[in-house]
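Participant: Hey, dropping my_file12.cif in here, mmCIF, C-alpha atoms:
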data_start
loop_
_atom_site.label_atom_id
_atom_site.label_comp_id
_atom_site.auth_asym_id
_atom_site.auth_seq_id
_atom_site.Cartn_x
_atom_site.Cartn_y
_atom_site.Cartn_z
CA LEU E 1 -11.90 1.39 -33.94
CA TYR E 2 -14.64 3.86 -34.82
CA HIS E 3 -15.68 6.95 -32.90
CA VAL E 4 -19.29 6.23 -31.91
CA ALA E 5 -20.11 8.69 -29.13
CA GLN E 6 -19.05 11.98 -27.65
CA PHE E 7 -20.27 13.55 -24.41
CA LEU E 8 -20.04 16.99 -22.85
CA VAL E 9 -20.31 16.96 -19.07
CA LEU E 10 -21.23 20.22 -17.35
CA CYS E 11 -20.65 20.46 -13.62
CA GLN E 12 -22.43 23.32 -11.84
CA GLU E 13 -20.66 22.69 -8.52
CA ASP E 14 -17.45 24.28 -7.33
CA VAL E 15 -15.20 21.22 -7.35
CA LYS E 16 -11.68 21.43 -6.01
CA ALA E 17 -9.70 18.81 -7.86
CA THR E 18 -6.44 17.58 -6.41
CA PRO E 19 -3.84 17.14 -9.15
CA MET E 20 -2.46 13.63 -9.27
CA PRO E 21 1.29 13.05 -9.20
CA LYS E 22 2.97 11.83 -12.36
CA LEU E 23 3.94 8.16 -12.17
CA PRO E 24 5.42 5.86 -14.81
CA PRO E 25 2.93 3.98 -17.02
CA GLY E 26 2.02 0.62 -15.50
CA TYR E 27 3.32 1.59 -12.06
CA LEU E 28 0.01 1.46 -10.21
CA GLY E 29 -1.90 -1.70 -9.42
CA ALA E 30 -1.02 -5.35 -9.82
CA GLN E 31 2.42 -6.14 -11.17
CA PRO E 32 3.07 -9.25 -13.33
CA LYS E 33 3.80 -11.64 -10.43
CA PHE E 34 0.65 -10.67 -8.48
CA GLY E 35 -1.71 -12.79 -10.58
CA GLU E 36 0.92 -15.49 -11.09
CA PHE E 37 1.10 -15.94 -7.30
CA GLY E 38 -2.71 -16.19 -7.09
CA MET E 39 -3.21 -12.99 -5.13
CA ILE E 40 -6.29 -10.76 -4.85
CA ALA E 41 -6.52 -7.16 -3.63
CA ALA E 42 -9.40 -7.80 -1.23
CA SER E 43 -9.86 -4.46 0.53
CA HIS E 44 -8.83 -1.93 -2.13
CA GLN E 45 -9.23 -3.06 -5.74
CA ASP E 46 -8.55 0.47 -7.01
CA PRO E 47 -4.82 1.23 -6.66
CA ILE E 48 -5.62 4.88 -5.85
CA ILE E 49 -6.83 5.34 -2.27
CA HIS E 50 -8.23 8.67 -1.06
CA LEU E 51 -8.36 9.07 2.72
CA ASP E 52 -9.87 11.66 5.06
CA CYS E 53 -7.74 10.20 7.85
CA ASN E 54 -4.13 9.06 8.10
CA THR E 55 -4.39 5.32 8.62
CA VAL E 56 -5.55 2.51 6.38
CA ASN E 57 -5.55 -1.30 6.39
CA VAL E 58 -4.85 -2.96 3.05
CA LEU E 59 -5.86 -6.63 2.83
CA LEU E 60 -4.47 -9.07 0.26
CA LYS E 61 -5.75 -12.63 -0.09
CA CYS E 62 -3.47 -15.33 -1.42
CA GLU E 63 -3.81 -18.88 -2.68
CA GLN E 64 -0.62 -19.84 -0.85
CA GLN E 65 1.43 -18.62 2.08
CA MET E 66 3.63 -15.67 1.16
CA ARG E 67 6.68 -13.81 2.47
CA VAL E 68 5.96 -10.10 2.12
CA THR E 69 7.35 -6.69 2.86
CA ALA E 70 6.29 -3.15 1.97
CA ASN E 71 7.65 0.36 1.69
CA LEU E 72 5.90 3.71 2.08
CA ILE E 73 7.35 6.63 0.11
CA SER E 74 6.28 10.28 0.17
CA VAL E 75 5.71 11.41 -3.42
CA ASP E 76 6.59 15.06 -2.72
CA GLY E 77 9.85 14.57 -0.85
CA ASP E 78 10.70 11.06 -2.04
CA GLU E 79 11.30 10.22 1.65
CA GLU E 80 10.89 6.60 2.70
CA PHE E 81 8.81 5.57 5.72
CA PRO E 82 9.17 1.76 5.87
CA ASP E 83 8.61 1.76 9.64
CA PHE E 84 5.12 3.24 9.14
CA VAL E 85 3.87 0.03 7.45
CA PHE E 86 3.25 -3.14 9.46
CA SER E 87 2.36 -6.51 7.96
CA ASN E 88 0.18 -9.04 9.73
CA THR E 89 -0.40 -12.52 8.31
CA ILE E 90 -3.10 -14.99 9.28
CA GLY E 91 -3.00 -18.06 7.04
CA THR E 92 -3.21 -16.75 3.49
CA ASN E 93 -4.60 -13.30 4.43
CA ILE E 94 -2.08 -10.48 4.67
CA THR E 95 -2.99 -7.10 6.16
CA PHE E 96 -0.76 -4.07 5.80
CA VAL E 97 -1.48 -1.48 8.48
CA VAL E 98 -0.33 1.88 7.09
CA ASN E 99 0.13 5.03 9.17
CA LEU E 100 0.65 8.17 7.14
CA PRO E 101 2.73 10.76 9.03
CA THR E 102 1.64 13.84 7.02
CA PRO E 103 -1.00 14.88 4.50
CA GLY E 104 -0.08 14.34 0.87
CA PHE E 105 0.48 11.56 -1.63
CA PHE E 106 2.33 8.37 -0.70
CA LYS E 107 3.34 5.33 -2.73
CA LEU E 108 2.77 2.00 -0.97
CA GLN E 109 4.97 -0.59 -2.66
CA ILE E 110 4.30 -4.23 -1.77
CA TYR E 111 6.81 -7.01 -2.44
CA GLY E 112 6.39 -10.75 -2.05
CA LEU E 113 7.28 -14.32 -2.90
CA PRO E 114 5.65 -17.66 -2.12
CA PHE E 115 6.83 -19.03 1.22
CA ASN E 116 8.47 -22.06 -0.43
CA ASP E 117 10.54 -19.86 -2.82
CA LYS E 118 13.86 -19.32 -1.02
CA ARG E 119 15.16 -16.45 -3.15
CA GLN E 120 16.25 -13.47 -1.05
CA GLU E 121 15.02 -10.65 -3.33
CA LEU E 122 11.24 -10.18 -3.29
CA PRO E 123 9.75 -8.77 -6.53
CA GLY E 124 7.25 -5.92 -6.53
CA ILE E 125 3.73 -7.34 -6.67
CA TYR E 126 1.39 -4.36 -6.13
CA ASN E 127 1.67 -0.56 -5.98
CA TYR E 128 -0.86 1.79 -4.41
CA LEU E 129 -1.04 5.57 -4.48
CA ILE E 130 -2.51 6.91 -1.23
CA ASN E 131 -3.85 10.47 -0.96
CA CYS E 132 -3.92 11.44 2.73
CA ARG E 133 -6.06 14.58 2.95
CA GLN E 134 -5.57 15.18 6.66
CA VAL E 135 -3.86 13.86 9.77
CA THR E 136 -6.56 12.88 12.26
CA GLN E 137 -4.44 11.06 14.84
CA ALA E 138 -0.86 10.97 16.05
CA VAL E 139 1.21 8.29 14.37
CA PHE E 140 4.30 6.47 15.50
CA PRO E 141 6.60 4.06 13.71
CA PHE E 142 5.77 0.39 14.16
CA PRO E 143 8.16 -2.01 15.92
CA LYS E 144 10.95 -3.34 13.68
CA GLN E 145 9.89 -6.38 11.67
CA TYR E 146 12.65 -8.87 10.97
CA ALA E 147 12.59 -11.28 8.03
CA GLN E 148 11.20 -14.17 10.08
CA TRP E 149 8.21 -12.03 11.13
CA LYS E 150 7.30 -11.39 7.51
CA GLU E 151 6.93 -15.13 6.95
CA GLY E 152 3.51 -15.37 8.55
CA CYS E 153 3.14 -13.70 11.96
CA PHE E 154 0.39 -11.58 13.50
CA MET E 155 0.48 -9.02 16.32
CA ALA E 156 -2.80 -8.22 18.06
CA GLU E 157 -1.49 -5.40 20.29
CA PRO E 158 -0.13 -2.91 21.19
CA GLY E 159 0.44 -2.14 17.50
CA VAL E 160 2.61 0.92 18.02
CA ILE E 161 5.21 1.99 20.52
CA PRO E 162 5.38 5.79 20.96
CA SER E 163 8.72 7.29 19.93
CA PRO E 164 10.10 10.76 19.06
CA ARG E 165 9.63 10.29 15.29
CA GLY E 166 6.08 10.71 14.07
#
Can the structure from this file be put into structure tokens for me?

Facilitator:
Amino acid sequence: LYHVAQFLVLCQEDVKATPMPKLPPGYLGAQPKFGEFGMIAASHQDPIIHLDCNTVNVLLKCEQQMRVTANLISVDGDEEFPDFVFSNTIGTNITFVVNLPTPGFFKLQIYGLPFNDKRQELPGIYNYLINCRQVTQAVFPFPKQYAQWKEGCFMAEPGVIPSPRG
């Protein structure tokens, strides 16, 4: 490789940069099985999501039916919020509805296997880093999702059931 260009960028605006959390190399984005399973990140191709609200829908498209689950982890406190992520499946489209309880950085870890693969442990297939800049609405944990639900079900409403946590 040869050095062929060098640029100096001057910014005259007062920009407030948010420092990114340190994550292991290769952590963000598609993991090895993601492409092998024929999956596409349809709604958010960039694994870093910046939000001015505290809810987001992440859509994955698949070539085959999948069993999926996800976990939401606060980067600052390393606290897990699995009940603040809800998966909905229609055919080969999977939507993860994510409610972020506080401002800050969160890791959204998605796991999955093809429906016909009967192994119990689902490998990690995609990791997002979500920067929630502000809470714009009250959030509540989603109803408990049992294993059978994660094999291809969809809930139209009510979506959330108010509870003390949130």

Participant: I'd like to see the residues matched by the PyMOL selection byres ((chain E and resi 75) around 6) on this file, and ideally I'd get them as a JSON list (two decimals) with C-alpha atoms, in the frame of the given file.

Facilitator:
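This is the output file selection-v1.json:
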[["chain", "number", "residue", "atom", "x", "y", "z"],
["E", 74, "SER", "CA", 6.28, 10.28, 0.17],
["E", 76, "ASP", "CA", 6.59, 15.06, -2.72],
["E", 77, "GLY", "CA", 9.85, 14.57, -0.85],
["E", 78, "ASP", "CA", 10.70, 11.06, -2.04],
["E", 105, "PHE", "CA", 0.48, 11.56, -1.63],
["E", 106, "PHE", "CA", 2.33, 8.37, -0.70]]

Participant: Which residues match the PyMOL selection byres ((chain E and resi 40-43) around 12) in the file above, as an mmCIF file with C-alpha atoms, keeping the file's coordinate frame?

Facilitator:
data_model
loop_
_atom_site.group_PDB
_atom_site.id
_atom_site.type_symbol
_atom_site.label_atom_id
_atom_site.label_comp_id
_atom_site.auth_asym_id
_atom_site.auth_seq_id
_atom_site.Cartn_x
_atom_site.Cartn_y
_atom_site.Cartn_z
ATOM 1 C CA GLY E 29 -1.900 -1.700 -9.420
ATOM 2 C CA ALA E 30 -1.020 -5.350 -9.820
ATOM 3 C CA GLN E 31 2.420 -6.140 -11.170
ATOM 4 C CA LYS E 33 3.800 -11.640 -10.430
ATOM 5 C CA PHE E 34 0.650 -10.670 -8.480
ATOM 6 C CA GLY E 35 -1.710 -12.790 -10.580
ATOM 7 C CA GLU E 36 0.920 -15.490 -11.090
ATOM 8 C CA PHE E 37 1.100 -15.940 -7.300
ATOM 9 C CA GLY E 38 -2.710 -16.190 -7.090
ATOM 10 C CA MET E 39 -3.210 -12.990 -5.130
ATOM 11 C CA HIS E 44 -8.830 -1.930 -2.130
ATOM 12 C CA GLN E 45 -9.230 -3.060 -5.740
ATOM 13 C CA ASP E 46 -8.550 0.470 -7.010
ATOM 14 C CA PRO E 47 -4.820 1.230 -6.660
ATOM 15 C CA ILE E 49 -6.830 5.340 -2.270
ATOM 16 C CA VAL E 56 -5.550 2.510 6.380
ATOM 17 C CA ASN E 57 -5.550 -1.300 6.390
ATOM 18 C CA VAL E 58 -4.850 -2.960 3.050
ATOM 19 C CA LEU E 59 -5.860 -6.630 2.830
ATOM 20 C CA LEU E 60 -4.470 -9.070 0.260
ATOM 21 C CA LYS E 61 -5.750 -12.630 -0.090
ATOM 22 C CA CYS E 62 -3.470 -15.330 -1.420
ATOM 23 C CA GLU E 63 -3.810 -18.880 -2.680
ATOM 24 C CA GLN E 64 -0.620 -19.840 -0.850
ATOM 25 C CA THR E 92 -3.210 -16.750 3.490
ATOM 26 C CA ASN E 93 -4.600 -13.300 4.430
ATOM 27 C CA ILE E 94 -2.080 -10.480 4.670
ATOM 28 C CA THR E 95 -2.990 -7.100 6.160
ATOM 29 C CA PHE E 96 -0.760 -4.070 5.800
ATOM 30 C CA VAL E 97 -1.480 -1.480 8.480
ATOM 31 C CA ILE E 110 4.300 -4.230 -1.770
ATOM 32 C CA ILE E 125 3.730 -7.340 -6.670
ATOM 33 C CA TYR E 126 1.390 -4.360 -6.130
ATOM 34 C CA ASN E 127 1.670 -0.560 -5.980
ATOM 35 C CA TYR E 128 -0.860 1.790 -4.410
#

Participant: Which residues, named as in the file, does the PyMOL selection byres ((chain E and resi 138) around 9) pick out? Answer as a ChimeraX atom specification.

Facilitator: /E:54,101,135-137,139-140,166

Participant: One number please: CA of Asn99 (chain E) to CA of Pro19 (chain E), in Å, one decimal.

Facilitator: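 A separation of 22.3 Å between them.
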
Participant: So the first atom is CA of Gly112 (chain E) and the second is CA of Lys22 (chain E); what is the distance between them in Å, to one decimal place?

Facilitator: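 It comes out at 25.1 Å.
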
Participant: Would you mind telling me which residue in E:Leu129, E:Leu23, E:Cys53, E:Ala17 lies nearest to Leu72 (chain E) when using all atoms listed in the file?

Facilitator: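 Distance minimum relative to Leu72 (chain E) lands on E:Leu129.
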
Participant: Just how far from CA of Lys16 (chain E) is CA of Gln109 (chain E), in Å to one decimal?

Facilitator: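 These atoms are spaced 27.8 Å apart.
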
Participant: For a quick check of understanding, using all atoms listed in the file, which of E:Leu108, E:Val98, E:Leu122, E:Leu51 has the smallest distance to Gln134 (chain E)?

Facilitator: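 For Gln134 (chain E), the nearest of the candidates is E:Leu51.
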
Participant: Padding of 6 Å on every side, edges along x, y and z, all listed atoms of region 56-74 of chain E included: what centre and edge lengths in Å, to one decimal, does that box have, as JSON?

Facilitator:
{"center_x": 0.9, "center_y": -4.8, "center_z": 1.9, "size_x": 25.5, "size_y": 42.1, "size_z": 21.1}

Participant: May I have the protein, DNA and RNA residues with any atom at most 8 Å from the point (11.2, -9.0, 2.6), counting all atoms listed in the file, written as a list of chain:residue names?

Facilitator: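 Taken together, the residues in range are E:Arg67, E:Val68, E:Thr69, E:Ala70, E:Tyr111, E:Gly112, E:Gln120, E:Glu121, E:Leu122, E:Ala147, E:Lys150.
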
Participant: Take the residues from that selection and write them out as a PDB file, in the coordinates of the input, keeping C-alpha atoms.

Facilitator:
ATOM      1  CA  ARG E  67       6.680 -13.810   2.470  1.00  0.00           C
ATOM      2  CA  VAL E  68       5.960 -10.100   2.120  1.00  0.00           C
ATOM      3  CA  THR E  69       7.350  -6.690   2.860  1.00  0.00           C
ATOM      4  CA  ALA E  70       6.290  -3.150   1.970  1.00  0.00           C
ATOM      5  CA  TYR E 111       6.810  -7.010  -2.440  1.00  0.00           C
ATOM      6  CA  GLY E 112       6.390 -10.750  -2.050  1.00  0.00           C
ATOM      7  CA  GLN E 120      16.250 -13.470  -1.050  1.00  0.00           C
ATOM      8  CA  GLU E 121      15.020 -10.650  -3.330  1.00  0.00           C
ATOM      9  CA  LEU E 122      11.240 -10.180  -3.290  1.00  0.00           C
ATOM     10  CA  ALA E 147      12.590 -11.280   8.030  1.00  0.00           C
ATOM     11  CA  LYS E 150       7.300 -11.390   7.510  1.00  0.00           C
TER      12      LYS E 150
END

Participant: Please produce region 79-103 of chain E, completed to N, CA, C and O atoms, as a compact mmCIF listing (two decimals), in the frame of the given file.

Facilitator:
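Listing of rebuild33.txt after writing:
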# COMPACT_ATOMS: atom_id res chain seq x y z
N GLU E 79 10.79 10.78 0.39
CA GLU E 79 11.30 10.22 1.65
C GLU E 79 10.63 8.89 1.93
O GLU E 79 9.42 8.73 1.72
N GLU E 80 11.41 7.93 2.41
CA GLU E 80 10.89 6.60 2.70
C GLU E 80 10.47 6.49 4.15
O GLU E 80 11.13 7.01 5.04
N PHE E 81 9.35 5.81 4.38
CA PHE E 81 8.81 5.57 5.72
C PHE E 81 8.50 4.08 5.91
O PHE E 81 7.36 3.72 6.17
N PRO E 82 9.48 3.19 5.77
CA PRO E 82 9.17 1.76 5.87
C PRO E 82 8.68 1.35 7.26
O PRO E 82 7.95 0.36 7.38
N ASP E 83 9.04 2.11 8.29
CA ASP E 83 8.61 1.76 9.64
C ASP E 83 7.20 2.26 9.96
O ASP E 83 6.72 2.12 11.07
N PHE E 84 6.50 2.82 8.96
CA PHE E 84 5.12 3.24 9.14
C PHE E 84 4.15 2.26 8.45
O PHE E 84 2.98 2.56 8.30
N VAL E 85 4.68 1.11 8.03
CA VAL E 85 3.87 0.03 7.45
C VAL E 85 4.15 -1.23 8.26
O VAL E 85 5.31 -1.57 8.51
N PHE E 86 3.10 -1.92 8.66
CA PHE E 86 3.25 -3.14 9.46
C PHE E 86 2.44 -4.25 8.81
O PHE E 86 1.27 -4.08 8.50
N SER E 87 3.07 -5.39 8.57
CA SER E 87 2.36 -6.51 7.96
C SER E 87 1.96 -7.53 9.01
O SER E 87 2.74 -7.85 9.90
N ASN E 88 0.73 -7.99 8.89
CA ASN E 88 0.18 -9.04 9.73
C ASN E 88 -0.32 -10.15 8.82
O ASN E 88 -1.02 -9.86 7.84
N THR E 89 0.02 -11.39 9.13
CA THR E 89 -0.40 -12.52 8.31
C THR E 89 -1.16 -13.52 9.15
O THR E 89 -0.69 -13.95 10.21
N ILE E 90 -2.34 -13.90 8.68
CA ILE E 90 -3.10 -14.99 9.28
C ILE E 90 -3.44 -15.94 8.14
O ILE E 90 -4.25 -15.61 7.27
N GLY E 91 -2.80 -17.10 8.13
CA GLY E 91 -3.00 -18.06 7.04
C GLY E 91 -2.57 -17.46 5.72
O GLY E 91 -1.41 -17.10 5.54
N THR E 92 -3.53 -17.31 4.80
CA THR E 92 -3.21 -16.75 3.49
C THR E 92 -3.77 -15.33 3.33
O THR E 92 -3.86 -14.82 2.22
N ASN E 93 -4.16 -14.70 4.44
CA ASN E 93 -4.60 -13.30 4.43
C ASN E 93 -3.49 -12.42 4.99
O ASN E 93 -3.00 -12.66 6.08
N ILE E 94 -3.14 -11.40 4.24
CA ILE E 94 -2.08 -10.48 4.67
C ILE E 94 -2.68 -9.08 4.77
O ILE E 94 -3.28 -8.58 3.82
N THR E 95 -2.52 -8.47 5.95
CA THR E 95 -2.99 -7.10 6.16
C THR E 95 -1.79 -6.20 6.36
O THR E 95 -0.92 -6.48 7.18
N PHE E 96 -1.77 -5.11 5.61
CA PHE E 96 -0.76 -4.07 5.80
C PHE E 96 -1.43 -2.92 6.51
O PHE E 96 -2.37 -2.31 5.98
N VAL E 97 -0.98 -2.62 7.72
CA VAL E 97 -1.48 -1.48 8.48
C VAL E 97 -0.55 -0.32 8.13
O VAL E 97 0.66 -0.40 8.34
N VAL E 98 -1.13 0.75 7.58
CA VAL E 98 -0.33 1.88 7.09
C VAL E 98 -0.70 3.13 7.88
O VAL E 98 -1.87 3.51 7.92
N ASN E 99 0.29 3.75 8.49
CA ASN E 99 0.13 5.03 9.17
C ASN E 99 0.83 6.10 8.35
O ASN E 99 2.03 5.99 8.10
N LEU E 100 0.09 7.11 7.97
CA LEU E 100 0.65 8.17 7.14
C LEU E 100 1.00 9.35 8.04
O LEU E 100 0.14 9.90 8.72
N PRO E 101 2.28 9.75 8.08
CA PRO E 101 2.73 10.76 9.03
C PRO E 101 2.30 12.19 8.70
O PRO E 101 2.24 13.04 9.59
N THR E 102 2.01 12.48 7.44
CA THR E 102 1.64 13.84 7.02
C THR E 102 0.59 13.77 5.92
O THR E 102 0.44 12.73 5.26
N PRO E 103 -0.12 14.85 5.67
CA PRO E 103 -1.00 14.88 4.50
C PRO E 103 -0.16 14.85 3.22
O PRO E 103 1.00 15.24 3.22
